[in-house]
Each structure stands twice: as C-alpha cells, then as structure tokens.
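Scroll down for the structure; my scribbles are underneath it.
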Amino acid sequence: MNLSPNLRAALFMAISMAGFTLNDALTKTVISDMHAAQVMVVRGTFATIMIGLLAWHGGVLSSLSSLRRPLVAVRAASEIGSTLCFLAALAQMPLANVSAILQALPLAVTMGAALFLNEPVGWRRWTAILVGFAGVLIIVRPGFEGFNSYSLLALLCVAFCALRDLVTRRIPQEIPSLAVSFATALFVTVIGGFLVVPYGGWTPLTVTSTSMLLGAAVLLIIGYQFIIMAMRAGDISFVAPFRYTALIWALLLGLLVFGEVPDAAMLVGASIVVASGLYTLYRERHAGKTQPVADTTSPAMAPDGV
C-alpha cells in the first residue's frame with residue numbers, strides 16, 4: 001500500500017510514541033526493584049553505547065570537542081533534573097497520569113519562549129496555555145481527594161524539559177544533534193553513577209531486570225529514529241499532533257500491564273491539555289510559524305535520559 005508522505009510520517013510518529021511509552025512501561029516495571037540512580041546508570045550505559053555507535057556511523061564524534069560550551073552544560077543539567085523527577089513520579093503514579101502531565105510540555109515551551117526569548121505570542125495562545133495548565137491542575141487535583149504529591153515532580157519534569165528545549169534552540173546549528181544527544185546520555189549515566197550510593201547503594205542485577213533495561217534503551221533509540229524519520233517525511237504542522245498518541249499508548253499499557261484504570265478527572269484533564277496543545281499548534285500554523293510547539297516533536301521532546 002502506497003501512503004502519502006504525510007500519512008507515512010504520521011505512522012512513523014505513532015510508532016515513535018509507542019517506543020517511548022513502551023520504554024516508560026519497562027522502566028516503571030524495573031524501578032520497583034531498584035532506585036532511579038541505578039536505572040540511570042544501567043539503561044544510560046546501554047543508550048550511550050547505542051547512540052555512540054550511531055554518532056560514529058554518522059561521522060559526528062569528531063564534533064564532540066565543540067560541545068564544551070556553557071549552554072551544553074545547562075542542557076545536560078536540566079536533563080538530569082528532568083530524568084530524576086520523571087523516574088520518581090513514574091514509580092509512584094499511574095503511567096497514563098504521568099504521560100498526560102507531560103503533554104503540557106509544548107505549552108510550557110511556548111510560554112517560556114514568550115517570557116524569556118521574547119517570541120511573540122498572541123492572546124489566543126496565551127489563553128490556550130492557561131486553559132491547558134488548568135487541565136493539568138484537574139489531573140493533579142491539589143487539595144482534593146486523589147491528590148498524589150509525586151504529580152508535582154511530574155510538573156517539575158515538564159519545567160526541566162522546557163528549559164532544556166529552550167536552551168537547545170540557542171546551541172549553534174553547526175553542532176550535530178546526535179553529538180549533543182550522545183554527550184547528554186553520557187552525562188546522565190555518569191551522574192547516575194555518582195548518585196548510586198546516596199540513593200541507597202547498588203541492587204544486584206538479575207537477567208530479567210537487565211533485559212528490561214536493555215529493551216528500554218533499544219526502544220528509546222527506536223523512538224528517536226522514527227521521530228526523525230517522521231520529521232523528514234512529512235510536514236511538521238501535519239505530523240506534530242500525532243505526538244499525542246503517546247497518551248493513547250500510555251492509557252492502554254497502564255490498563256493492560258499495570259491494571260491502572262483512569263478516573264474521570266484524569267480523562268477530562270488530559271483532554272483539555274491535548275485540545276489546548278492542538279489549538280496552540282493550529283494558531284502557530286495560522287500565523288505562519290512552526291515554533292516553538294513544533295520544536296517539541298523533535299528527538300528532544302522527552303528526557304534524553306528517560
């Protein structure tokens with residue numbers, strides 16, 4: 001069957017989101033037996049090796065010397081923060097709830113670009129941003145029954161990811177993205193190693209846990225590659241909305257693997273967040289812009305270390 005470039009790109013995006021979400025599911029399974037720092041080390045080692053091989057194959061390892069810039073260090077530090085917050089939230093929250101909160105990332109990037117990069121954002125997009133974060137509050141439900149304090153860590157993860165994406169846009173274009181990803185994955189792994197003892201020491205690895213983390217790392221690479229293929233095959237404005245299929249995958253995996261049944265508040269809040277993100281994307285397309293929301297469908301849309 002011959003698909004148009006946009007439909008093929010949409011399929012690639014859906015596969016990418018499935019890869020990222022399956023990675024989350026495997027990590028959630030393993031993190032019940034070991035702490036976040038050890039997960040960062042084990043999975044990060046696998047991911048660093050595979051990204052390094054891709055970077056070597058692409059001939060970008062020679063560019064690593066150009067990474068000695070303050071912005072790269074800030075990006076890596078924000079990646080550490082997002083990874084730690086994400087893993088802590090993932091261990092204590094339903095998979096779909098974490099995924100739903102992370103869907104606010106495009107809105108957070110748009111807001112950050114307006115506040116800190118002086119990018120023009122009209123009243124319609126500001127309204128969509130406020131409505132979207134109201135949807136997040138419905139999911140988090142602070143002060144009400146069903147509130148989970150770890151959801152605040154998921155929100156903090158969004159803030160770290162938004163900082164990372166905004167900083168990434170200031171990194172010179174001549175530095176290959178794959179080189180930045182390799183350096184970030186390596187940094188996450190090394191910092192995870194330093195945190196192993198403060199987090200409680202090393203838990204002996206089993207064949208099952210090691211295999212799951214290897215599988216999670218492979219799924220990360222699959223997610224990265226298919227999202228790149230999606231961006232190259234189709235129009236960003238058409239492909240970008242399909243990033244929200246991650247929430248569908250999270251709902252299905254949460255139900256089938258962990259027996260997590262989403263409640264009405266979560267579904268309502270998630271719907272508001274997704275609708276706000278889609279409207280913001282529409283307004284940017286209407287204004288002839290593809291940024292900053294479309295930027296969050298790049299390989300950096302989720303924590304590199306997650």
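As shown in the structure tokens, the chain order sets the letters A, B, ...; within each chain, residues go from 1, and ligands are also counted from 1 in the order they appear.
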Worksheet entry | Residue list (alpha helix (DSSP H), DSSP) for stretch 77-188 of chain A, as a PyMOL selection string | chain A and resi 77-92+95-102+105-116+123-140+151-168+177-188
Do you know which residues are at most 12 Å from A:Met17 counting only C-alpha atoms, after dropping those on the same chain fewer than 4 positions away, and could you put them as a ChimeraX atom specification? /A:10-13,21-24,99,103,219-228,230,240-250,297-299,301-302
For A:Arg43, the closest of A:Cys85, A:Leu137, A:Leu213, A:Ala77 counting only C-alpha atoms is A:Leu213
Within 10 Å of A:Gly234, counting only C-alpha atoms, which residues show up once you throw out same-chain ones fewer than 5 positions away? Write them as number ranges by chain, please. A: 4-10, 12, 229, 239-240
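By only C-alpha atoms, and with residues fewer than 4 positions from A:Arg125 along its chain excluded, the set lying at most 7 Å from it is Val121, Ile129, Thr280 and Arg283 of chain A.
Taking atom CA of A:Val39 as the reference point, atom CA of A:Ala25 is found at 13.2 Å.
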Judged by only C-alpha atoms, the minimum distance to A:Met212 among A:Leu3, A:Ala183, A:Leu26, A:Met111 is found for A:Leu26
Which residues are close to A:Thr127, i.e. within 12 Å by only C-alpha atoms, leaving aside same-chain residues fewer than 3 positions away? Reply as an mmCIF file with all heavy atoms, in the first residue's frame.
```
data_model
loop_
_atom_site.group_PDB
_atom_site.id
_atom_site.type_symbol
_atom_site.label_atom_id
_atom_site.label_comp_id
_atom_site.auth_asym_id
_atom_site.auth_seq_id
_atom_site.Cartn_x
_atom_site.Cartn_y
_atom_site.Cartn_z
ATOM 1 N N LEU A 107 3.068 23.458 25.634
ATOM 2 C CA LEU A 107 2.538 24.697 26.193
ATOM 3 C C LEU A 107 3.595 25.395 27.042
ATOM 4 O O LEU A 107 3.729 26.625 26.997
ATOM 5 C CB LEU A 107 1.298 24.397 27.030
ATOM 6 C CG LEU A 107 0.127 23.722 26.300
ATOM 7 C CD1 LEU A 107 -0.968 23.343 27.291
ATOM 8 C CD2 LEU A 107 -0.429 24.622 25.209
ATOM 9 N N THR A 110 6.138 27.031 24.735
ATOM 10 C CA THR A 110 5.582 28.248 24.153
ATOM 11 C C THR A 110 5.617 29.389 25.169
ATOM 12 O O THR A 110 6.005 30.524 24.842
ATOM 13 C CB THR A 110 4.131 28.008 23.698
ATOM 14 O OG1 THR A 110 4.104 26.971 22.722
ATOM 15 C CG2 THR A 110 3.537 29.268 23.088
ATOM 16 N N MET A 111 5.207 29.109 26.405
ATOM 17 C CA MET A 111 5.221 30.119 27.452
ATOM 18 C C MET A 111 6.647 30.587 27.742
ATOM 19 O O MET A 111 6.908 31.791 27.864
ATOM 20 C CB MET A 111 4.581 29.575 28.720
ATOM 21 C CG MET A 111 4.497 30.572 29.852
ATOM 22 S SD MET A 111 3.611 29.927 31.296
ATOM 23 C CE MET A 111 4.751 28.635 31.826
ATOM 24 N N VAL A 121 3.726 35.947 21.216
ATOM 25 C CA VAL A 121 2.637 35.006 21.490
ATOM 26 C C VAL A 121 1.378 35.834 21.736
ATOM 27 O O VAL A 121 1.335 36.643 22.670
ATOM 28 C CB VAL A 121 2.939 34.118 22.716
ATOM 29 C CG1 VAL A 121 1.728 33.249 23.066
ATOM 30 C CG2 VAL A 121 4.154 33.228 22.441
ATOM 31 N N GLY A 122 0.378 35.647 20.877
ATOM 32 C CA GLY A 122 -0.847 36.426 20.975
ATOM 33 C C GLY A 122 -1.760 35.960 22.100
ATOM 34 O O GLY A 122 -1.516 34.948 22.760
ATOM 35 N N TRP A 123 -2.845 36.716 22.280
ATOM 36 C CA TRP A 123 -3.746 36.423 23.394
ATOM 37 C C TRP A 123 -4.427 35.070 23.244
ATOM 38 O O TRP A 123 -4.745 34.421 24.255
ATOM 39 C CB TRP A 123 -4.795 37.529 23.528
ATOM 40 C CG TRP A 123 -5.788 37.611 22.397
ATOM 41 C CD1 TRP A 123 -5.686 38.349 21.263
ATOM 42 C CD2 TRP A 123 -7.043 36.927 22.325
ATOM 43 N NE1 TRP A 123 -6.790 38.165 20.463
ATOM 44 C CE2 TRP A 123 -7.646 37.307 21.094
ATOM 45 C CE3 TRP A 123 -7.722 36.035 23.159
ATOM 46 C CZ2 TRP A 123 -8.886 36.807 20.687
ATOM 47 C CZ3 TRP A 123 -8.953 35.546 22.759
ATOM 48 C CH2 TRP A 123 -9.526 35.937 21.539
ATOM 49 N N ARG A 124 -4.634 34.612 21.993
ATOM 50 C CA ARG A 124 -5.284 33.321 21.807
ATOM 51 C C ARG A 124 -4.409 32.188 22.331
ATOM 52 O O ARG A 124 -4.892 31.266 23.004
ATOM 53 C CB ARG A 124 -5.610 33.101 20.331
ATOM 54 C CG ARG A 124 -6.667 34.045 19.762
ATOM 55 C CD ARG A 124 -6.920 33.737 18.301
ATOM 56 N NE ARG A 124 -7.914 34.614 17.713
ATOM 57 C CZ ARG A 124 -7.661 35.819 17.198
ATOM 58 N NH1 ARG A 124 -6.407 36.283 17.208
ATOM 59 N NH2 ARG A 124 -8.617 36.553 16.684
ATOM 60 N N LEU A 130 -3.127 28.916 29.355
ATOM 61 C CA LEU A 130 -3.785 28.942 30.660
ATOM 62 C C LEU A 130 -4.816 27.826 30.787
ATOM 63 O O LEU A 130 -4.919 27.171 31.835
ATOM 64 C CB LEU A 130 -4.439 30.310 30.878
ATOM 65 C CG LEU A 130 -3.474 31.500 31.006
ATOM 66 C CD1 LEU A 130 -4.253 32.805 31.109
ATOM 67 C CD2 LEU A 130 -2.554 31.321 32.205
ATOM 68 N N VAL A 131 -5.584 27.609 29.726
ATOM 69 C CA VAL A 131 -6.574 26.530 29.750
ATOM 70 C C VAL A 131 -5.872 25.178 29.875
ATOM 71 O O VAL A 131 -6.316 24.291 30.620
ATOM 72 C CB VAL A 131 -7.456 26.577 28.484
ATOM 73 C CG1 VAL A 131 -8.340 25.329 28.395
ATOM 74 C CG2 VAL A 131 -8.328 27.824 28.493
ATOM 75 N N GLY A 132 -4.774 25.018 29.146
ATOM 76 C CA GLY A 132 -4.027 23.760 29.209
ATOM 77 C C GLY A 132 -3.517 23.471 30.603
ATOM 78 O O GLY A 132 -3.620 22.338 31.098
ATOM 79 N N PHE A 133 -2.974 24.484 31.267
ATOM 80 C CA PHE A 133 -2.474 24.250 32.616
ATOM 81 C C PHE A 133 -3.617 24.074 33.613
ATOM 82 O O PHE A 133 -3.437 23.422 34.653
ATOM 83 C CB PHE A 133 -1.535 25.379 33.035
ATOM 84 C CG PHE A 133 -0.162 25.228 32.455
ATOM 85 C CD1 PHE A 133 0.293 26.064 31.452
ATOM 86 C CD2 PHE A 133 0.683 24.216 32.886
ATOM 87 C CE1 PHE A 133 1.555 25.909 30.901
ATOM 88 C CE2 PHE A 133 1.947 24.042 32.349
ATOM 89 C CZ PHE A 133 2.388 24.896 31.348
ATOM 90 N N ALA A 134 -4.783 24.617 33.303
ATOM 91 C CA ALA A 134 -5.959 24.300 34.119
ATOM 92 C C ALA A 134 -6.287 22.818 34.002
ATOM 93 O O ALA A 134 -6.672 22.170 34.988
ATOM 94 C CB ALA A 134 -7.149 25.154 33.678
ATOM 95 N N SER A 276 -5.794 21.951 24.125
ATOM 96 C CA SER A 276 -5.080 23.224 24.192
ATOM 97 C C SER A 276 -3.804 23.177 23.357
ATOM 98 O O SER A 276 -3.470 24.144 22.659
ATOM 99 C CB SER A 276 -4.741 23.560 25.650
ATOM 100 O OG SER A 276 -5.908 23.651 26.428
ATOM 101 N N GLY A 277 -3.088 22.050 23.434
ATOM 102 C CA GLY A 277 -1.879 21.898 22.629
ATOM 103 C C GLY A 277 -2.168 21.915 21.143
ATOM 104 O O GLY A 277 -1.453 22.546 20.358
ATOM 105 N N TYR A 279 -4.754 23.337 19.681
ATOM 106 C CA TYR A 279 -5.172 24.678 19.288
ATOM 107 C C TYR A 279 -3.962 25.610 19.179
ATOM 108 O O TYR A 279 -3.870 26.419 18.257
ATOM 109 C CB TYR A 279 -6.175 25.253 20.293
ATOM 110 C CG TYR A 279 -6.601 26.653 19.934
ATOM 111 C CD1 TYR A 279 -7.518 26.870 18.896
ATOM 112 C CD2 TYR A 279 -6.076 27.757 20.590
ATOM 113 C CE1 TYR A 279 -7.895 28.155 18.537
ATOM 114 C CE2 TYR A 279 -6.443 29.048 20.239
ATOM 115 C CZ TYR A 279 -7.359 29.241 19.217
ATOM 116 O OH TYR A 279 -7.721 30.514 18.862
ATOM 117 N N THR A 280 -3.018 25.473 20.121
ATOM 118 C CA THR A 280 -1.804 26.289 20.060
ATOM 119 C C THR A 280 -1.029 26.003 18.786
ATOM 120 O O THR A 280 -0.523 26.914 18.120
ATOM 121 C CB THR A 280 -0.920 26.022 21.291
ATOM 122 O OG1 THR A 280 -1.679 26.257 22.473
ATOM 123 C CG2 THR A 280 0.295 26.915 21.294
ATOM 124 N N ARG A 283 -2.780 27.691 15.925
ATOM 125 C CA ARG A 283 -2.553 29.128 15.874
ATOM 126 C C ARG A 283 -1.168 29.447 15.339
ATOM 127 O O ARG A 283 -0.990 30.402 14.581
ATOM 128 C CB ARG A 283 -2.716 29.730 17.273
ATOM 129 C CG ARG A 283 -4.144 29.827 17.774
ATOM 130 C CD ARG A 283 -5.014 30.618 16.833
ATOM 131 N NE ARG A 283 -4.460 31.928 16.537
ATOM 132 C CZ ARG A 283 -4.945 32.745 15.608
ATOM 133 N NH1 ARG A 283 -5.995 32.379 14.886
ATOM 134 N NH2 ARG A 283 -4.384 33.921 15.389
#
```
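Going from atom CA of A:Leu252 over to atom CA of A:Leu156, you cover 24.8 Å.
The residue set within 12 Å of A:Ser211, counting only C-alpha atoms and dropping same-chain residues fewer than 5 places from it, reads Leu26, Thr27, Thr29, Val30, Val42, Arg43, Phe46, Leu205, Thr206, Ala216, Ala217 and Val218 of chain A.
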Next, write the just-selected residues to a file, as a PDB file, in the first residue's frame, keeping all heavy atoms as the atom set.
```pdb
ATOM      1  N   LEU A  26       8.457  -0.377  30.626  1.00  0.00           N
ATOM      2  CA  LEU A  26       9.516  -1.273  31.086  1.00  0.00           C
ATOM      3  C   LEU A  26      10.254  -0.663  32.274  1.00  0.00           C
ATOM      4  O   LEU A  26      10.569  -1.357  33.253  1.00  0.00           O
ATOM      5  CB  LEU A  26      10.503  -1.552  29.942  1.00  0.00           C
ATOM      6  CG  LEU A  26      10.022  -2.501  28.841  1.00  0.00           C
ATOM      7  CD1 LEU A  26      11.061  -2.588  27.734  1.00  0.00           C
ATOM      8  CD2 LEU A  26       9.737  -3.892  29.409  1.00  0.00           C
ATOM      9  N   THR A  27      10.526   0.637  32.187  1.00  0.00           N
ATOM     10  CA  THR A  27      11.227   1.309  33.286  1.00  0.00           C
ATOM     11  C   THR A  27      10.384   1.302  34.553  1.00  0.00           C
ATOM     12  O   THR A  27      10.906   1.084  35.658  1.00  0.00           O
ATOM     13  CB  THR A  27      11.558   2.756  32.884  1.00  0.00           C
ATOM     14  OG1 THR A  27      12.340   2.752  31.688  1.00  0.00           O
ATOM     15  CG2 THR A  27      12.338   3.448  33.986  1.00  0.00           C
ATOM     16  N   THR A  29       8.283  -0.925  35.438  1.00  0.00           N
ATOM     17  CA  THR A  29       8.336  -2.285  35.980  1.00  0.00           C
ATOM     18  C   THR A  29       9.616  -2.510  36.778  1.00  0.00           C
ATOM     19  O   THR A  29       9.596  -3.082  37.872  1.00  0.00           O
ATOM     20  CB  THR A  29       8.236  -3.314  34.845  1.00  0.00           C
ATOM     21  OG1 THR A  29       7.020  -3.124  34.125  1.00  0.00           O
ATOM     22  CG2 THR A  29       8.273  -4.732  35.388  1.00  0.00           C
ATOM     23  N   VAL A  30      10.741  -2.045  36.231  1.00  0.00           N
ATOM     24  CA  VAL A  30      12.037  -2.294  36.864  1.00  0.00           C
ATOM     25  C   VAL A  30      12.256  -1.418  38.087  1.00  0.00           C
ATOM     26  O   VAL A  30      12.880  -1.837  39.067  1.00  0.00           O
ATOM     27  CB  VAL A  30      13.173  -2.061  35.828  1.00  0.00           C
ATOM     28  CG1 VAL A  30      14.543  -2.146  36.498  1.00  0.00           C
ATOM     29  CG2 VAL A  30      13.078  -3.080  34.706  1.00  0.00           C
ATOM     30  N   VAL A  42      22.354   1.902  34.416  1.00  0.00           N
ATOM     31  CA  VAL A  42      22.260   0.700  33.587  1.00  0.00           C
ATOM     32  C   VAL A  42      21.671   1.027  32.213  1.00  0.00           C
ATOM     33  O   VAL A  42      22.266   0.726  31.168  1.00  0.00           O
ATOM     34  CB  VAL A  42      21.420  -0.384  34.284  1.00  0.00           C
ATOM     35  CG1 VAL A  42      21.302  -1.618  33.388  1.00  0.00           C
ATOM     36  CG2 VAL A  42      22.051  -0.767  35.625  1.00  0.00           C
ATOM     37  N   ARG A  43      20.504   1.649  32.219  1.00  0.00           N
ATOM     38  CA  ARG A  43      19.883   1.964  30.939  1.00  0.00           C
ATOM     39  C   ARG A  43      20.688   3.020  30.188  1.00  0.00           C
ATOM     40  O   ARG A  43      20.828   2.970  28.965  1.00  0.00           O
ATOM     41  CB  ARG A  43      18.455   2.445  31.147  1.00  0.00           C
ATOM     42  CG  ARG A  43      17.695   2.625  29.847  1.00  0.00           C
ATOM     43  CD  ARG A  43      16.299   3.144  30.070  1.00  0.00           C
ATOM     44  NE  ARG A  43      16.311   4.386  30.840  1.00  0.00           N
ATOM     45  CZ  ARG A  43      15.211   5.052  31.170  1.00  0.00           C
ATOM     46  NH1 ARG A  43      14.032   4.573  30.844  1.00  0.00           N
ATOM     47  NH2 ARG A  43      15.282   6.176  31.860  1.00  0.00           N
ATOM     48  N   PHE A  46      23.577   1.421  28.269  1.00  0.00           N
ATOM     49  CA  PHE A  46      23.121   0.832  27.007  1.00  0.00           C
ATOM     50  C   PHE A  46      22.817   1.925  25.976  1.00  0.00           C
ATOM     51  O   PHE A  46      23.226   1.837  24.806  1.00  0.00           O
ATOM     52  CB  PHE A  46      21.864  -0.011  27.236  1.00  0.00           C
ATOM     53  CG  PHE A  46      22.103  -1.277  28.014  1.00  0.00           C
ATOM     54  CD1 PHE A  46      21.250  -1.656  29.044  1.00  0.00           C
ATOM     55  CD2 PHE A  46      23.178  -2.095  27.717  1.00  0.00           C
ATOM     56  CE1 PHE A  46      21.456  -2.826  29.756  1.00  0.00           C
ATOM     57  CE2 PHE A  46      23.408  -3.274  28.431  1.00  0.00           C
ATOM     58  CZ  PHE A  46      22.547  -3.634  29.454  1.00  0.00           C
ATOM     59  N   LEU A 205      21.870  -6.989  39.930  1.00  0.00           N
ATOM     60  CA  LEU A 205      21.065  -7.092  38.715  1.00  0.00           C
ATOM     61  C   LEU A 205      20.663  -8.540  38.463  1.00  0.00           C
ATOM     62  O   LEU A 205      21.433  -9.466  38.722  1.00  0.00           O
ATOM     63  CB  LEU A 205      21.850  -6.568  37.517  1.00  0.00           C
ATOM     64  CG  LEU A 205      22.162  -5.073  37.494  1.00  0.00           C
ATOM     65  CD1 LEU A 205      23.096  -4.742  36.343  1.00  0.00           C
ATOM     66  CD2 LEU A 205      20.885  -4.252  37.401  1.00  0.00           C
ATOM     67  N   THR A 206      19.467  -8.696  37.963  1.00  0.00           N
ATOM     68  CA  THR A 206      19.007 -10.009  37.530  1.00  0.00           C
ATOM     69  C   THR A 206      18.939 -10.031  36.014  1.00  0.00           C
ATOM     70  O   THR A 206      19.011  -8.978  35.349  1.00  0.00           O
ATOM     71  CB  THR A 206      17.612 -10.318  38.103  1.00  0.00           C
ATOM     72  OG1 THR A 206      16.663  -9.388  37.551  1.00  0.00           O
ATOM     73  CG2 THR A 206      17.613 -10.204  39.621  1.00  0.00           C
ATOM     74  N   ALA A 216      14.464  -1.292  27.148  1.00  0.00           N
ATOM     75  CA  ALA A 216      14.059   0.112  27.256  1.00  0.00           C
ATOM     76  C   ALA A 216      15.000   1.011  26.463  1.00  0.00           C
ATOM     77  O   ALA A 216      14.549   1.941  25.781  1.00  0.00           O
ATOM     78  CB  ALA A 216      14.039   0.525  28.729  1.00  0.00           C
ATOM     79  N   ALA A 217      16.302   0.736  26.544  1.00  0.00           N
ATOM     80  CA  ALA A 217      17.265   1.543  25.794  1.00  0.00           C
ATOM     81  C   ALA A 217      17.058   1.376  24.290  1.00  0.00           C
ATOM     82  O   ALA A 217      17.129   2.349  23.522  1.00  0.00           O
ATOM     83  CB  ALA A 217      18.690   1.147  26.185  1.00  0.00           C
ATOM     84  N   VAL A 218      16.804   0.141  23.855  1.00  0.00           N
ATOM     85  CA  VAL A 218      16.546  -0.100  22.431  1.00  0.00           C
ATOM     86  C   VAL A 218      15.292   0.652  21.976  1.00  0.00           C
ATOM     87  O   VAL A 218      15.261   1.262  20.895  1.00  0.00           O
ATOM     88  CB  VAL A 218      16.395  -1.613  22.160  1.00  0.00           C
ATOM     89  CG1 VAL A 218      15.910  -1.865  20.737  1.00  0.00           C
ATOM     90  CG2 VAL A 218      17.726  -2.332  22.393  1.00  0.00           C
TER      91      VAL A 218
END
```
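As for atom CA of A:Ala37 and atom CA of A:Leu87, they are spaced 9.2 Å apart.
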Neighbouring residues of A:Ile51 were defined as those with any atom within 7 Å, considering only C-alpha atoms; residues of the same chain fewer than 4 positions away were excluded. Please report them as a ChimeraX atom specification.
/A:47,55,182
Written selection (all heavy atoms) as a CSV table (one decimal), in the first residue's frame:
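Okay, part.csv is ready:
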```csv
chain,number,residue,atom,x,y,z
A,47,ALA,N,22.1,3.0,26.4
A,47,ALA,CA,21.7,4.0,25.5
A,47,ALA,C,22.9,4.8,25.0
A,47,ALA,O,23.0,5.1,23.8
A,47,ALA,CB,20.7,5.0,26.2
A,55,ALA,N,26.4,7.8,16.3
A,55,ALA,CA,27.2,9.0,16.1
A,55,ALA,C,28.5,8.7,15.3
A,55,ALA,O,28.9,9.4,14.4
A,55,ALA,CB,27.5,9.7,17.5
A,182,PHE,N,24.4,12.3,22.4
A,182,PHE,CA,25.5,11.4,22.9
A,182,PHE,C,26.1,11.9,24.2
A,182,PHE,O,26.2,11.2,25.2
A,182,PHE,CB,26.5,11.1,21.9
A,182,PHE,CG,27.7,10.3,22.4
A,182,PHE,CD1,27.6,9.0,22.7
A,182,PHE,CD2,28.9,11.0,22.7
A,182,PHE,CE1,28.7,8.2,23.2
A,182,PHE,CE2,30.0,10.2,23.2
A,182,PHE,CZ,29.9,8.9,23.4
```
